[in-house]
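S.K.: The file below is work-v2.csv, CSV, C-alpha atoms:
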chain,number,residue,atom,x,y,z
A,263,MET,CA,29.2,223.1,31.7
A,264,SER,CA,25.9,222.3,30.1
A,265,LEU,CA,23.5,219.5,29.4
A,266,PRO,CA,23.8,217.6,26.1
A,267,ASN,CA,22.2,219.2,23.0
A,268,PHE,CA,19.4,216.6,22.7
A,269,LEU,CA,17.9,217.7,26.1
A,270,GLN,CA,16.3,221.1,26.4
A,271,GLY,CA,14.5,222.9,29.3
A,272,PHE,CA,16.0,220.9,32.2
A,273,GLU,CA,17.8,222.3,35.2
A,274,ILE,CA,21.1,220.8,36.5
A,275,ALA,CA,20.9,219.1,39.8
A,276,ASP,CA,24.3,217.4,40.3
A,277,LYS,CA,27.3,219.1,38.7
A,278,LYS,CA,29.7,216.3,39.6
A,279,SER,CA,27.6,213.8,37.7
A,280,LEU,CA,27.3,216.1,34.7
A,281,ASP,CA,31.0,216.7,34.6
A,282,CYS,CA,31.6,213.0,34.7
A,283,TYR,CA,29.0,212.4,32.0
A,284,ASN,CA,30.5,215.1,29.8
A,285,ASP,CA,33.9,213.4,30.2
A,286,ILE,CA,32.5,210.0,29.2
A,287,GLY,CA,29.9,211.0,26.6
A,288,LEU,CA,27.2,208.8,25.2
A,289,PRO,CA,28.2,205.2,24.8
A,290,THR,CA,29.2,204.0,21.3
A,291,LYS,CA,29.9,200.6,19.9
A,292,LYS,CA,33.5,201.0,21.1
A,293,ASN,CA,32.1,200.3,24.6
A,294,GLU,CA,31.9,196.5,24.9
A,295,ASN,CA,28.7,196.7,27.1
A,296,TRP,CA,27.1,198.8,24.3
A,297,HIS,CA,28.6,197.1,21.3
A,298,TYR,CA,25.2,196.3,19.7
A,299,LEU,CA,23.5,199.6,20.5
A,300,ASP,CA,25.2,202.9,19.5
A,301,MET,CA,23.4,205.5,21.7
A,302,ALA,CA,25.5,208.4,20.3
A,303,ARG,CA,24.0,207.6,16.8
A,304,VAL,CA,20.5,207.0,18.2
A,305,LEU,CA,20.3,210.4,19.9
A,306,SER,CA,22.2,212.4,17.3
A,307,LYS,CA,19.2,213.8,15.3
A,308,GLN,CA,16.4,214.5,17.7
A,309,VAL,CA,15.9,217.2,20.4
A,310,TYR,CA,13.8,216.4,23.4
A,311,GLN,CA,12.2,218.8,25.9
A,312,LYS,CA,10.8,219.0,29.4
A,313,GLN,CA,7.0,219.2,29.1
A,314,LEU,CA,4.2,220.5,31.2
A,315,ASN,CA,1.6,218.2,32.8
A,316,ASP,CA,-1.4,217.6,30.6
A,317,ASN,CA,-3.6,216.1,33.4
A,318,HIS,CA,-4.1,212.8,31.6
A,319,LYS,CA,-6.1,210.3,33.5
A,320,SER,CA,-6.1,206.6,32.8
A,321,ASP,CA,-8.1,203.6,34.1
A,322,ASN,CA,-6.9,201.8,37.1
A,323,LEU,CA,-6.5,198.5,35.3
A,324,PHE,CA,-4.8,196.7,38.2
A,325,ASP,CA,-6.9,197.9,41.1
A,326,ALA,CA,-3.7,199.2,42.4
A,327,ILE,CA,-2.1,201.9,44.6
A,328,LYS,CA,-1.5,204.3,41.7
A,329,ILE,CA,1.1,206.9,41.0
A,330,SER,CA,0.6,208.8,37.7
A,331,VAL,CA,3.5,210.4,35.9
A,332,VAL,CA,2.3,212.5,32.9
A,333,ASN,CA,5.1,213.9,30.6
A,334,GLY,CA,7.5,213.5,33.4
A,335,ASN,CA,5.3,215.3,36.0
A,336,ILE,CA,4.3,213.3,39.1
A,337,GLY,CA,0.7,213.5,40.4
A,338,SER,CA,-0.4,213.3,44.0
A,339,VAL,CA,-0.8,210.0,45.8
A,340,ASP,CA,-3.7,209.7,48.2
A,341,ASN,CA,-5.4,207.2,50.5
A,342,LEU,CA,-2.4,205.0,51.1
A,343,PRO,CA,-2.9,201.9,53.2
A,344,GLU,CA,-1.0,201.4,56.4
A,345,GLY,CA,2.5,200.1,55.9
A,346,ILE,CA,3.5,202.0,52.8
A,347,SER,CA,5.0,205.5,52.4
A,348,ILE,CA,5.2,207.2,49.0
A,349,THR,CA,6.9,210.6,48.9
A,350,VAL,CA,7.7,212.8,45.9
A,351,GLY,CA,10.4,215.3,45.7
A,352,ASP,CA,13.8,215.1,47.5
A,353,GLY,CA,15.7,211.9,47.2
A,354,LYS,CA,19.1,210.5,46.6
A,355,PHE,CA,20.7,207.4,45.0
A,356,SER,CA,23.4,205.6,46.8
A,357,ASP,CA,27.0,206.9,46.4
A,358,GLU,CA,28.0,203.4,45.3
A,359,LEU,CA,25.6,203.5,42.4
A,360,ILE,CA,26.5,207.0,41.1
A,361,ASN,CA,30.1,207.3,41.9
A,362,GLU,CA,31.5,203.9,41.2
A,363,LYS,CA,29.5,202.7,38.2
A,364,LYS,CA,30.5,205.6,35.9
A,365,HIS,CA,27.5,204.5,33.7
A,366,PRO,CA,27.0,207.4,31.2
A,367,LEU,CA,23.2,207.4,31.1
A,368,LEU,CA,23.0,206.8,34.8
A,369,LEU,CA,25.2,209.8,35.4
A,370,LEU,CA,23.0,211.8,33.0
A,371,ASN,CA,19.8,210.9,34.9
A,372,ASN,CA,21.4,211.9,38.2
A,373,SER,CA,22.7,215.2,36.8
A,374,VAL,CA,19.2,216.4,35.7
A,375,ALA,CA,16.8,218.0,38.2
A,376,GLY,CA,13.6,216.0,38.8
A,377,ASP,CA,11.4,214.7,41.6
A,378,PHE,CA,12.3,211.3,43.1
A,379,ILE,CA,9.6,208.8,43.8
A,380,ASN,CA,10.5,207.3,47.2
A,381,ILE,CA,8.6,204.1,48.1
A,382,ASP,CA,9.1,202.7,51.6
A,383,ILE,CA,7.3,199.5,52.5
A,384,SER,CA,7.1,198.5,56.1
A,385,GLN,CA,4.2,196.0,56.1
A,386,ASP,CA,2.9,193.3,53.7
A,387,ILE,CA,1.1,195.1,50.9
A,388,LYS,CA,-1.5,193.0,49.1
A,389,GLN,CA,-2.5,195.6,46.4
A,390,LEU,CA,-0.2,196.2,43.4
A,391,ILE,CA,1.7,199.4,43.6
A,392,HIS,CA,1.4,200.9,40.1
A,393,ILE,CA,3.6,203.7,38.6
A,394,ASP,CA,1.9,204.7,35.4
A,395,TYR,CA,4.1,206.7,33.0
A,396,TYR,CA,2.2,208.4,30.1
A,397,ASN,CA,3.4,210.8,27.5
A,398,ASN,CA,1.2,212.7,25.0
A,399,ALA,CA,3.5,215.6,24.0
A,400,PRO,CA,5.8,215.8,20.9
A,401,ASN,CA,9.5,215.4,21.5
A,402,VAL,CA,9.1,214.9,25.3
A,403,ALA,CA,12.0,213.8,27.5
A,404,PHE,CA,11.6,212.5,31.0
A,405,LEU,CA,14.1,211.0,33.5
A,406,PRO,CA,12.3,209.0,36.2
A,407,LYS,CA,14.1,208.5,39.5
A,408,VAL,CA,12.7,205.8,41.8
A,409,VAL,CA,14.0,204.4,45.1
A,410,ILE,CA,12.3,201.4,46.6
A,411,ARG,CA,12.9,200.0,50.1
A,412,ILE,CA,11.1,197.0,51.5
A,413,ALA,CA,11.6,196.1,55.2
A,414,SER,CA,12.7,192.7,56.5
A,415,GLY,CA,10.2,189.9,56.2
A,416,LYS,CA,7.7,191.9,54.2
A,417,THR,CA,6.1,191.3,50.7
A,418,ALA,CA,5.0,193.6,48.0
A,419,SER,CA,4.5,193.9,44.2
A,420,ILE,CA,5.2,196.9,42.0
A,421,ILE,CA,4.3,197.4,38.3
A,422,GLU,CA,5.6,200.1,36.0
A,423,THR,CA,3.8,200.8,32.7
A,424,PHE,CA,5.1,203.1,30.0
A,425,ASN,CA,2.7,204.4,27.4
A,426,SER,CA,2.7,207.2,24.9
A,427,GLY,CA,0.4,208.7,22.2
A,428,LYS,CA,0.6,207.4,18.7
A,429,ASP,CA,2.4,210.4,17.2
A,430,CYS,CA,4.7,211.1,20.1
A,431,SER,CA,8.5,211.1,20.0
A,432,VAL,CA,9.8,210.2,23.5
A,433,PHE,CA,13.2,209.9,25.2
A,434,CYS,CA,13.0,208.1,28.6
A,435,ASN,CA,16.1,207.6,30.8
A,436,SER,CA,14.8,205.7,33.8
A,437,LEU,CA,16.9,204.9,36.9
A,438,THR,CA,15.6,202.7,39.8
A,439,GLU,CA,17.4,201.6,42.9
A,440,ILE,CA,15.9,198.8,45.0
A,441,PHE,CA,16.8,197.6,48.5
A,442,VAL,CA,15.4,194.2,49.6
A,443,GLU,CA,16.1,193.5,53.2
A,444,GLU,CA,16.4,190.1,54.9
A,445,GLU,CA,13.6,187.6,54.4
A,446,ALA,CA,11.7,190.1,52.3
A,447,LYS,CA,10.0,189.5,48.9
A,448,LEU,CA,9.6,192.0,46.1
A,449,LEU,CA,8.0,191.3,42.7
A,450,GLN,CA,8.6,193.9,40.1
A,451,TYR,CA,6.8,194.1,36.7
A,452,LYS,CA,7.9,196.5,33.9
A,453,ILE,CA,5.6,196.8,30.8
A,454,GLN,CA,6.6,199.0,27.8
A,455,GLN,CA,4.0,199.6,25.2
A,456,ASP,CA,4.7,203.0,23.6
A,457,MET,CA,2.7,203.6,20.4
A,458,GLY,CA,4.9,206.3,19.0
A,459,GLN,CA,8.6,206.7,18.4
A,460,SER,CA,10.1,206.1,21.7
A,461,LYS,CA,13.7,205.6,22.9
A,462,HIS,CA,13.5,204.0,26.3
A,463,ILE,CA,16.7,203.5,28.4
A,464,ALA,CA,16.2,201.9,31.8
A,465,TYR,CA,18.7,200.9,34.5
A,466,THR,CA,17.6,199.0,37.6
A,467,LYS,CA,19.9,198.1,40.4
A,468,ALA,CA,18.7,195.8,43.2
A,469,TYR,CA,20.5,194.8,46.4
A,470,VAL,CA,19.2,191.5,47.8
A,471,GLN,CA,19.9,190.5,51.4
A,472,LYS,CA,19.9,187.2,53.3
A,473,GLU,CA,17.0,184.8,52.7
A,474,SER,CA,15.2,187.4,50.5
A,475,PHE,CA,13.6,187.2,47.0
A,476,TYR,CA,13.7,189.7,44.2
A,477,GLU,CA,12.0,189.2,40.8
A,478,GLN,CA,11.7,191.4,37.7
A,479,ASN,CA,9.4,190.5,34.8
A,480,PHE,CA,9.9,192.8,31.7
A,481,ALA,CA,7.8,193.0,28.6
A,482,CYS,CA,8.4,195.2,25.6
A,483,PHE,CA,5.7,195.4,22.8
A,484,ASN,CA,7.4,196.9,19.8
A,485,ASN,CA,9.2,200.0,20.8
A,486,GLU,CA,11.6,201.9,18.5
A,487,VAL,CA,14.7,201.6,20.7
A,488,THR,CA,14.8,199.9,24.1
A,489,ARG,CA,17.5,199.0,26.5
A,490,ASN,CA,16.4,197.3,29.7
A,491,GLU,CA,19.5,197.0,31.9
A,492,VAL,CA,19.2,195.1,35.2
A,493,GLU,CA,21.9,194.5,37.7
A,494,VAL,CA,21.3,192.5,40.9
A,495,ASP,CA,23.7,192.1,43.8
A,496,ILE,CA,22.9,189.0,45.9
A,497,LEU,CA,24.5,190.0,49.2
A,498,GLY,CA,23.2,187.5,51.8
A,499,THR,CA,23.0,183.7,52.0
A,500,ASP,CA,20.0,181.7,50.9
A,501,ALA,CA,18.7,184.5,48.7
A,502,ASN,CA,17.1,184.2,45.3
A,503,ALA,CA,16.8,186.5,42.3
A,504,GLU,CA,14.9,186.0,39.0
A,505,VAL,CA,14.9,188.2,36.0
A,506,ARG,CA,12.7,187.3,33.1
A,507,GLY,CA,11.4,189.1,29.9
A,508,VAL,CA,9.5,188.9,26.7
A,509,TYR,CA,10.0,191.2,23.7
A,510,ILE,CA,8.2,191.6,20.4
A,511,GLY,CA,9.6,193.7,17.6
A,512,LYS,CA,8.7,194.8,14.1
A,513,ASN,CA,9.8,197.3,11.5
A,514,LYS,CA,13.3,198.6,12.6
A,515,SER,CA,12.8,198.3,16.3
A,516,VAL,CA,15.9,197.6,18.5
A,517,ILE,CA,15.3,195.8,21.8
A,518,ASP,CA,18.3,195.3,24.1
A,519,ASN,CA,18.1,193.3,27.4
A,520,THR,CA,21.4,193.5,29.3
A,521,ILE,CA,21.3,191.5,32.6
A,522,ARG,CA,24.0,190.9,35.2
A,523,ILE,CA,23.4,189.0,38.4
A,524,ASN,CA,26.3,189.1,40.9
A,525,HIS,CA,26.5,186.2,43.4
A,526,LEU,CA,28.4,187.6,46.3
A,527,ALA,CA,27.2,185.2,49.0
A,528,SER,CA,27.0,181.4,49.4
A,529,ASP,CA,23.9,179.1,48.9
A,530,CYS,CA,22.0,181.4,46.6
A,531,GLU,CA,20.0,180.9,43.4
A,532,SER,CA,19.3,183.0,40.3
A,533,GLN,CA,17.4,182.6,37.1
A,534,GLN,CA,17.4,184.6,33.8
A,535,LEU,CA,14.9,183.7,31.1
A,536,PHE,CA,14.2,185.8,28.0
A,537,LYS,CA,12.2,185.1,24.9
A,538,GLY,CA,11.7,187.3,21.8
A,539,VAL,CA,9.8,187.4,18.5
A,540,LEU,CA,11.0,189.6,15.7
A,541,ASN,CA,9.7,190.5,12.2
A,542,ASP,CA,10.7,192.8,9.4
A,543,ARG,CA,14.1,194.4,10.2
A,544,ALA,CA,13.8,194.3,13.9
A,545,GLN,CA,16.8,193.6,16.1
A,546,GLY,CA,17.0,191.8,19.4
A,547,ILE,CA,20.0,191.9,21.8
A,548,PHE,CA,20.5,189.8,24.9
A,549,GLN,CA,23.6,190.3,27.0
A,550,GLY,CA,23.3,188.1,30.1
A,551,LYS,CA,25.9,187.5,32.7
A,552,ILE,CA,26.2,185.4,35.9
A,553,TYR,CA,29.1,186.5,38.1
A,554,VAL,CA,30.1,184.2,41.0
A,555,ASP,CA,32.4,185.6,43.6
A,556,LYS,CA,35.0,183.3,45.3
A,557,GLU,CA,32.9,183.5,48.5
A,558,ALA,CA,29.7,182.4,46.7
A,559,GLN,CA,30.0,178.6,47.1
A,560,LYS,CA,27.0,176.4,46.3
A,561,THR,CA,25.6,178.9,43.8
A,562,ASP,CA,22.9,177.7,41.5
A,563,GLY,CA,22.6,180.0,38.4
A,564,TYR,CA,20.5,179.5,35.3
A,565,GLN,CA,20.4,181.6,32.2
A,566,MET,CA,18.5,181.1,28.9
A,567,HIS,CA,17.6,183.3,25.9
A,568,ARG,CA,15.5,182.0,23.0
A,569,SER,CA,14.1,183.9,20.0
A,570,ILE,CA,12.1,183.3,16.9
A,571,LEU,CA,12.6,185.3,13.7
A,572,LEU,CA,9.7,185.8,11.3
A,573,SER,CA,11.8,187.5,8.6
A,574,ASP,CA,15.1,186.9,6.9
A,575,ASP,CA,16.0,190.6,7.7
A,576,ALA,CA,15.3,190.3,11.4
A,577,GLN,CA,18.3,189.5,13.6
A,578,VAL,CA,19.4,188.6,17.2
A,579,CYS,CA,22.7,189.2,18.9
A,580,GLY,CA,23.1,186.9,21.9
A,581,LYS,CA,25.9,187.1,24.4
A,582,PRO,CA,25.4,184.8,27.4
A,583,GLU,CA,28.3,184.8,29.9
A,584,LEU,CA,29.5,183.1,33.0
A,585,GLU,CA,32.3,184.5,35.2
A,586,ILE,CA,33.0,182.1,38.1
A,587,TYR,CA,35.6,182.2,40.8
A,588,ALA,CA,34.1,179.6,43.2
A,589,ASP,CA,34.6,175.8,42.7
A,590,ASP,CA,31.3,174.4,44.2
A,591,VAL,CA,28.7,175.8,41.9
A,592,LYS,CA,26.0,174.7,39.4
A,593,CYS,CA,25.6,177.3,36.6
A,594,SER,CA,24.3,177.0,33.0
A,595,HIS,CA,23.7,179.4,30.2
A,596,GLY,CA,22.6,179.4,26.6
A,597,SER,CA,21.1,181.3,23.7
A,598,SER,CA,19.3,180.0,20.6
A,599,THR,CA,17.5,181.5,17.6
A,600,GLY,CA,15.2,179.8,15.1
A,601,GLU,CA,11.9,180.0,13.2
A,602,ILE,CA,8.4,178.7,13.7
A,603,ASN,CA,8.5,174.9,13.6
A,604,PRO,CA,7.0,174.0,10.1
A,605,GLU,CA,5.7,170.6,11.3
A,606,GLN,CA,3.8,172.2,14.1
A,607,LEU,CA,2.4,174.9,11.7
A,608,PHE,CA,1.4,172.2,9.2
A,609,TYR,CA,-0.3,170.2,12.0
A,610,LEU,CA,-2.6,173.2,12.9
A,611,THR,CA,-3.3,174.3,9.3
A,612,ALA,CA,-4.2,170.8,8.3
A,613,ARG,CA,-6.9,170.8,10.9
A,614,GLY,CA,-8.6,173.9,9.4
A,615,ILE,CA,-6.9,176.7,11.4
A,616,ASN,CA,-6.1,179.8,9.5
A,617,GLU,CA,-2.3,180.1,9.0
A,618,ASN,CA,-2.0,183.5,10.7
A,619,LEU,CA,-4.0,182.3,13.7
A,620,ALA,CA,-1.9,179.1,13.8
A,621,ARG,CA,1.3,181.2,13.8
A,622,ASN,CA,-0.1,183.4,16.6
A,623,LEU,CA,-1.0,180.3,18.7
A,624,LEU,CA,2.5,178.8,18.3
A,625,LEU,CA,4.1,182.1,19.2
A,626,GLN,CA,1.9,182.5,22.3
A,627,ALA,CA,2.8,179.0,23.4
A,628,PHE,CA,6.5,179.9,22.9
A,629,LEU,CA,6.3,183.0,25.1
A,630,ASN,CA,4.0,181.4,27.8
A,631,GLU,CA,7.0,179.7,29.4
A,632,VAL,CA,7.9,183.2,30.7
A,633,PHE,CA,4.3,184.2,31.6
A,634,ASP,CA,3.6,181.0,33.4
A,635,ASN,CA,6.1,182.1,36.1
A,636,ILE,CA,4.2,185.3,36.8
A,637,GLU,CA,2.6,185.0,40.3
A,638,ASN,CA,0.1,187.8,39.9
A,639,ASP,CA,-3.0,186.7,38.0
A,640,ILE,CA,-4.1,190.2,36.9
A,641,VAL,CA,-0.6,191.0,35.5
A,642,ARG,CA,-0.2,187.6,33.8
A,643,LYS,CA,-3.6,187.9,32.0
A,644,TYR,CA,-2.9,191.5,31.0
A,645,LEU,CA,0.4,190.5,29.5
A,646,GLN,CA,-1.1,187.5,27.6
A,647,LYS,CA,-3.9,189.7,26.3
A,648,ASN,CA,-1.5,192.4,25.0
A,649,THR,CA,0.8,189.7,23.5
A,650,ILE,CA,-2.2,188.4,21.4
A,651,LYS,CA,-3.0,192.0,20.2
A,652,THR,CA,0.6,192.8,19.4
A,653,MET,CA,1.2,189.5,17.6
A,654,GLU,CA,-1.8,190.2,15.3
A,655,THR,CA,0.0,193.4,14.1
A,656,ILE,CA,3.3,191.8,13.2
A,657,LEU,CA,2.2,188.6,11.4
Do you think you could lay out the structure here as structure tokens?
M.R.:
Amino acid sequence: MSLPNFLQGFEIADKKSLDCYNDIGLPTKKNENWHYLDMARVLSKQVYQKQLNDNHKSDNLFDAIKISVVNGNIGSVDNLPEGISITVGDGKFSDELINEKKHPLLLLNNSVAGDFINIDISQDIKQLIHIDYYNNAPNVAFLPKVVIRIASGKTASIIETFNSGKDCSVFCNSLTEIFVEEEAKLLQYKIQQDMGQSKHIAYTKAYVQKESFYEQNFACFNNEVTRNEVEVDILGTDANAEVRGVYIGKNKSVIDNTIRINHLASDCESQQLFKGVLNDRAQGIFQGKIYVDKEAQKTDGYQMHRSILLSDDAQVCGKPELEIYADDVKCSHGSSTGEINPEQLFYLTARGINENLARNLLLQAFLNEVFDNIENDIVRKYLQKNTIKTMETIL
């Protein structure tokens, strides 16, 4: 029994998970849920290693409670306000997540030794909680393990940023499990902006209880390979879940957003909204599903994916789905792909605006529907600023 060839230097933590992973293997296009992204091919040529900490320090852009993770090594967390506990080290994902899902990369994450980041929130936390992942070593692999619990009636916001050096080759396999108790509110932001060759696989599972609210906003700024997979179980009545995202790709980048929201209780709402811009030979993938159990009457579910292609070689694969077993519901879904509106572009250039600037303005306006829903002003402005910078590099 051994770890796969593309991972070097890691210790085995859970033999059962590794045995199960080795039986399944990396997902290929034969797996319907991975039909558009062949991970066996993606990881076939590179070897990634566990790296030592390089003591990188970054600015506290968000005036946040900050946890730094450099090359997979977690730094200390000091001066925490009352109402939040952050521990590093021992931890455990739920048996349901590991044993029942049989998700290959989820099993791989659990089989490899590594410190957990355990975040327990027992009071309202006004400051952002920032997990800052940074990699500056060649061929580095890291497998983040995060468990977040927010107590009944409390509110908090968490942001995760992923950055790497320009010449770095990175494999990230991130696993996050979130528990949102009754009448609680958790806002989660994930921003991926690696400069090098990065393969980023993330799986987030959230359990949302009665009268609570969970939201994830995801942004990907031109990564090599990305899969952002989110699954939300709405378990209590009058709960709400929203998952939104923006992605921008160029060259041969592949960006996959796979979202599933399971309505398992009545009188609940959910929203999925994703928008993307692709140039060159970049590929976007959206697989979104709303599942409505027979007990989940009076469900209101909305799902929409829109993308703009700037090149004839760029492509998008959209797969919106509804699976409904209740008869008193209101659900909608859709996916559309197009190009910049030539009439709008002509309108701006006819008034003396440079064509590239005009394109940038139109694309910003296109993506702003997602940004406008972001509650935190600091995060929203940060995303808008990075969108402008990224757009200038792909036009």
S.K.: Between atom CA of Glu444 of chain A and atom CA of Leu497 of chain A, measure the distance and give it in Å to one decimal.
M.R.: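 Here the two named atoms are 9.9 Å from each other.
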S.K.: Restricting the calculation to only C-alpha atoms, which member of A:Cys430, A:Val492, A:Ala527, A:Ile650 is positioned closest to Asn618 of chain A?
M.R.: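 Of all the options, A:Ile650 lies closest to Asn618 of chain A.
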S.K.: Could you state the separation of atom CA of Ala275 of chain A and atom CA of Arg489 of chain A in Å, given to one decimal place?
M.R.: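 Between these atoms lies a distance of 24.3 Å.
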S.K.: Find the residues around segment 625-632 of chain A up to 9 Å (all atoms listed in the file counted), leave out those fewer than 5 positions away in its own chain, and share them as a list in words.
M.R.: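 The contact residues come out as Asn479, Arg506, Gly507, Val508, Leu535, Phe536, Lys537, Gly538, Val539, Ile570, Ile602, Ala620, Gln646, Thr649, Ile650 and Met653 of chain A.
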S.K.: Could you give me, as a list in words, the residues within 8 Å of segment 334-344 of chain A, counting all atoms listed in the file and dropping anything in the same chain fewer than 2 positions from it?
M.R.: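 Close residues of segment 334-344 of chain A: Lys312, Gln313, Leu314, Asn315, Ile327, Lys328, Ile329, Ser330, Val331, Val332, Ile346, Ser347, Ile348, Val350, Asp377, Gln385, Tyr395, Asn397, Ala403, Phe404, Leu405 and Pro406 of chain A.
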S.K.: Pick out the closest residue to Ser419 of chain A from this set: A:Cys482, A:Leu571, A:Leu359, A:Ala326. Count all atoms listed in the file.
M.R.: A:Ala326
S.K.: Take atom CA of Pro366 of chain A and atom CA of Val402 of chain A and report the distance between them in Å, one decimal.
M.R.: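 Answer for the atom CA of Pro366 of chain A to atom CA of Val402 of chain A separation: 20.3 Å.
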S.K.: Would you mind telling me which residue in A:Lys452, A:Lys277, A:Lys364, A:Lys461 lies nearest to Leu305 of chain A when using all atoms listed in the file?
M.R.: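 Looking only at the distances to Leu305 of chain A, the closest residue turns out to be A:Lys461.
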S.K.: Smallest atom-to-atom distance to Tyr283 of chain A: which of A:Asn513, A:Ser320, A:Ser356, A:Asn361, using all atoms listed in the file?
M.R.: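 Between A:Asn513, A:Ser320, A:Ser356, A:Asn361, the residue approaching Tyr283 of chain A most closely is A:Asn361.
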S.K.: Near Asp542 of chain A, within 8 Å and counting only C-alpha atoms, which residues show up once chain neighbours fewer than 5 positions away are dropped, as an mmCIF file with C-alpha atoms, in the coordinates of the input?
M.R.:
data_model
loop_
_atom_site.group_PDB
_atom_site.id
_atom_site.type_symbol
_atom_site.label_atom_id
_atom_site.label_comp_id
_atom_site.auth_asym_id
_atom_site.auth_seq_id
_atom_site.Cartn_x
_atom_site.Cartn_y
_atom_site.Cartn_z
ATOM 1 C CA LYS A 512 8.700 194.800 14.100
ATOM 2 C CA ASN A 513 9.800 197.300 11.500
ATOM 3 C CA LYS A 514 13.300 198.600 12.600
ATOM 4 C CA LEU A 572 9.700 185.800 11.300
ATOM 5 C CA SER A 573 11.800 187.500 8.600
ATOM 6 C CA ASP A 574 15.100 186.900 6.900
ATOM 7 C CA ASP A 575 16.000 190.600 7.700
ATOM 8 C CA ALA A 576 15.300 190.300 11.400
#
S.K.: Got a sec to check which residues sit within 10 Å of (16.2, 198.8, 36.2), counting only C-alpha atoms, and write them as number ranges by chain?
M.R.: A: 408, 436-440, 450, 452, 463-468, 478, 480, 489-494, 521
S.K.: Just want the 10 Å neighbourhood of segment 554-556 of chain A, counted on all atoms listed in the file, with same-chain residues fewer than 2 positions away dropped. Output as a ChimeraX atom specification.
M.R.: /A:496,523-528,551-552,558-563,584-591,593
S.K.: I want to know what sits within 7 Å of Leu370 of chain A, based on all atoms listed in the file, with residues of the same chain fewer than 3 positions away left out; could you give that as a list of chain:residue names?
M.R.: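 Surrounding residues, per the criterion: A:Ser279, A:Leu280, A:Tyr283, A:Pro366, A:Leu367, A:Ser373, A:Val374.
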S.K.: Give as a PDB file with C-alpha atoms, in the coordinates of the input the set of residues within 9 Å of the point (25.6, 187.5, 28.5), where distances use the file's coordinates and only C-alpha atoms.
M.R.:
ATOM      1  CA  THR A 520      21.400 193.500  29.300  1.00  0.00           C
ATOM      2  CA  ILE A 521      21.300 191.500  32.600  1.00  0.00           C
ATOM      3  CA  ARG A 522      24.000 190.900  35.200  1.00  0.00           C
ATOM      4  CA  PHE A 548      20.500 189.800  24.900  1.00  0.00           C
ATOM      5  CA  GLN A 549      23.600 190.300  27.000  1.00  0.00           C
ATOM      6  CA  GLY A 550      23.300 188.100  30.100  1.00  0.00           C
ATOM      7  CA  LYS A 551      25.900 187.500  32.700  1.00  0.00           C
ATOM      8  CA  ILE A 552      26.200 185.400  35.900  1.00  0.00           C
ATOM      9  CA  GLN A 565      20.400 181.600  32.200  1.00  0.00           C
ATOM     10  CA  GLY A 580      23.100 186.900  21.900  1.00  0.00           C
ATOM     11  CA  LYS A 581      25.900 187.100  24.400  1.00  0.00           C
ATOM     12  CA  PRO A 582      25.400 184.800  27.400  1.00  0.00           C
ATOM     13  CA  GLU A 583      28.300 184.800  29.900  1.00  0.00           C
ATOM     14  CA  LEU A 584      29.500 183.100  33.000  1.00  0.00           C
ATOM     15  CA  HIS A 595      23.700 179.400  30.200  1.00  0.00           C
ATOM     16  CA  GLY A 596      22.600 179.400  26.600  1.00  0.00           C
TER      17      GLY A 596
END
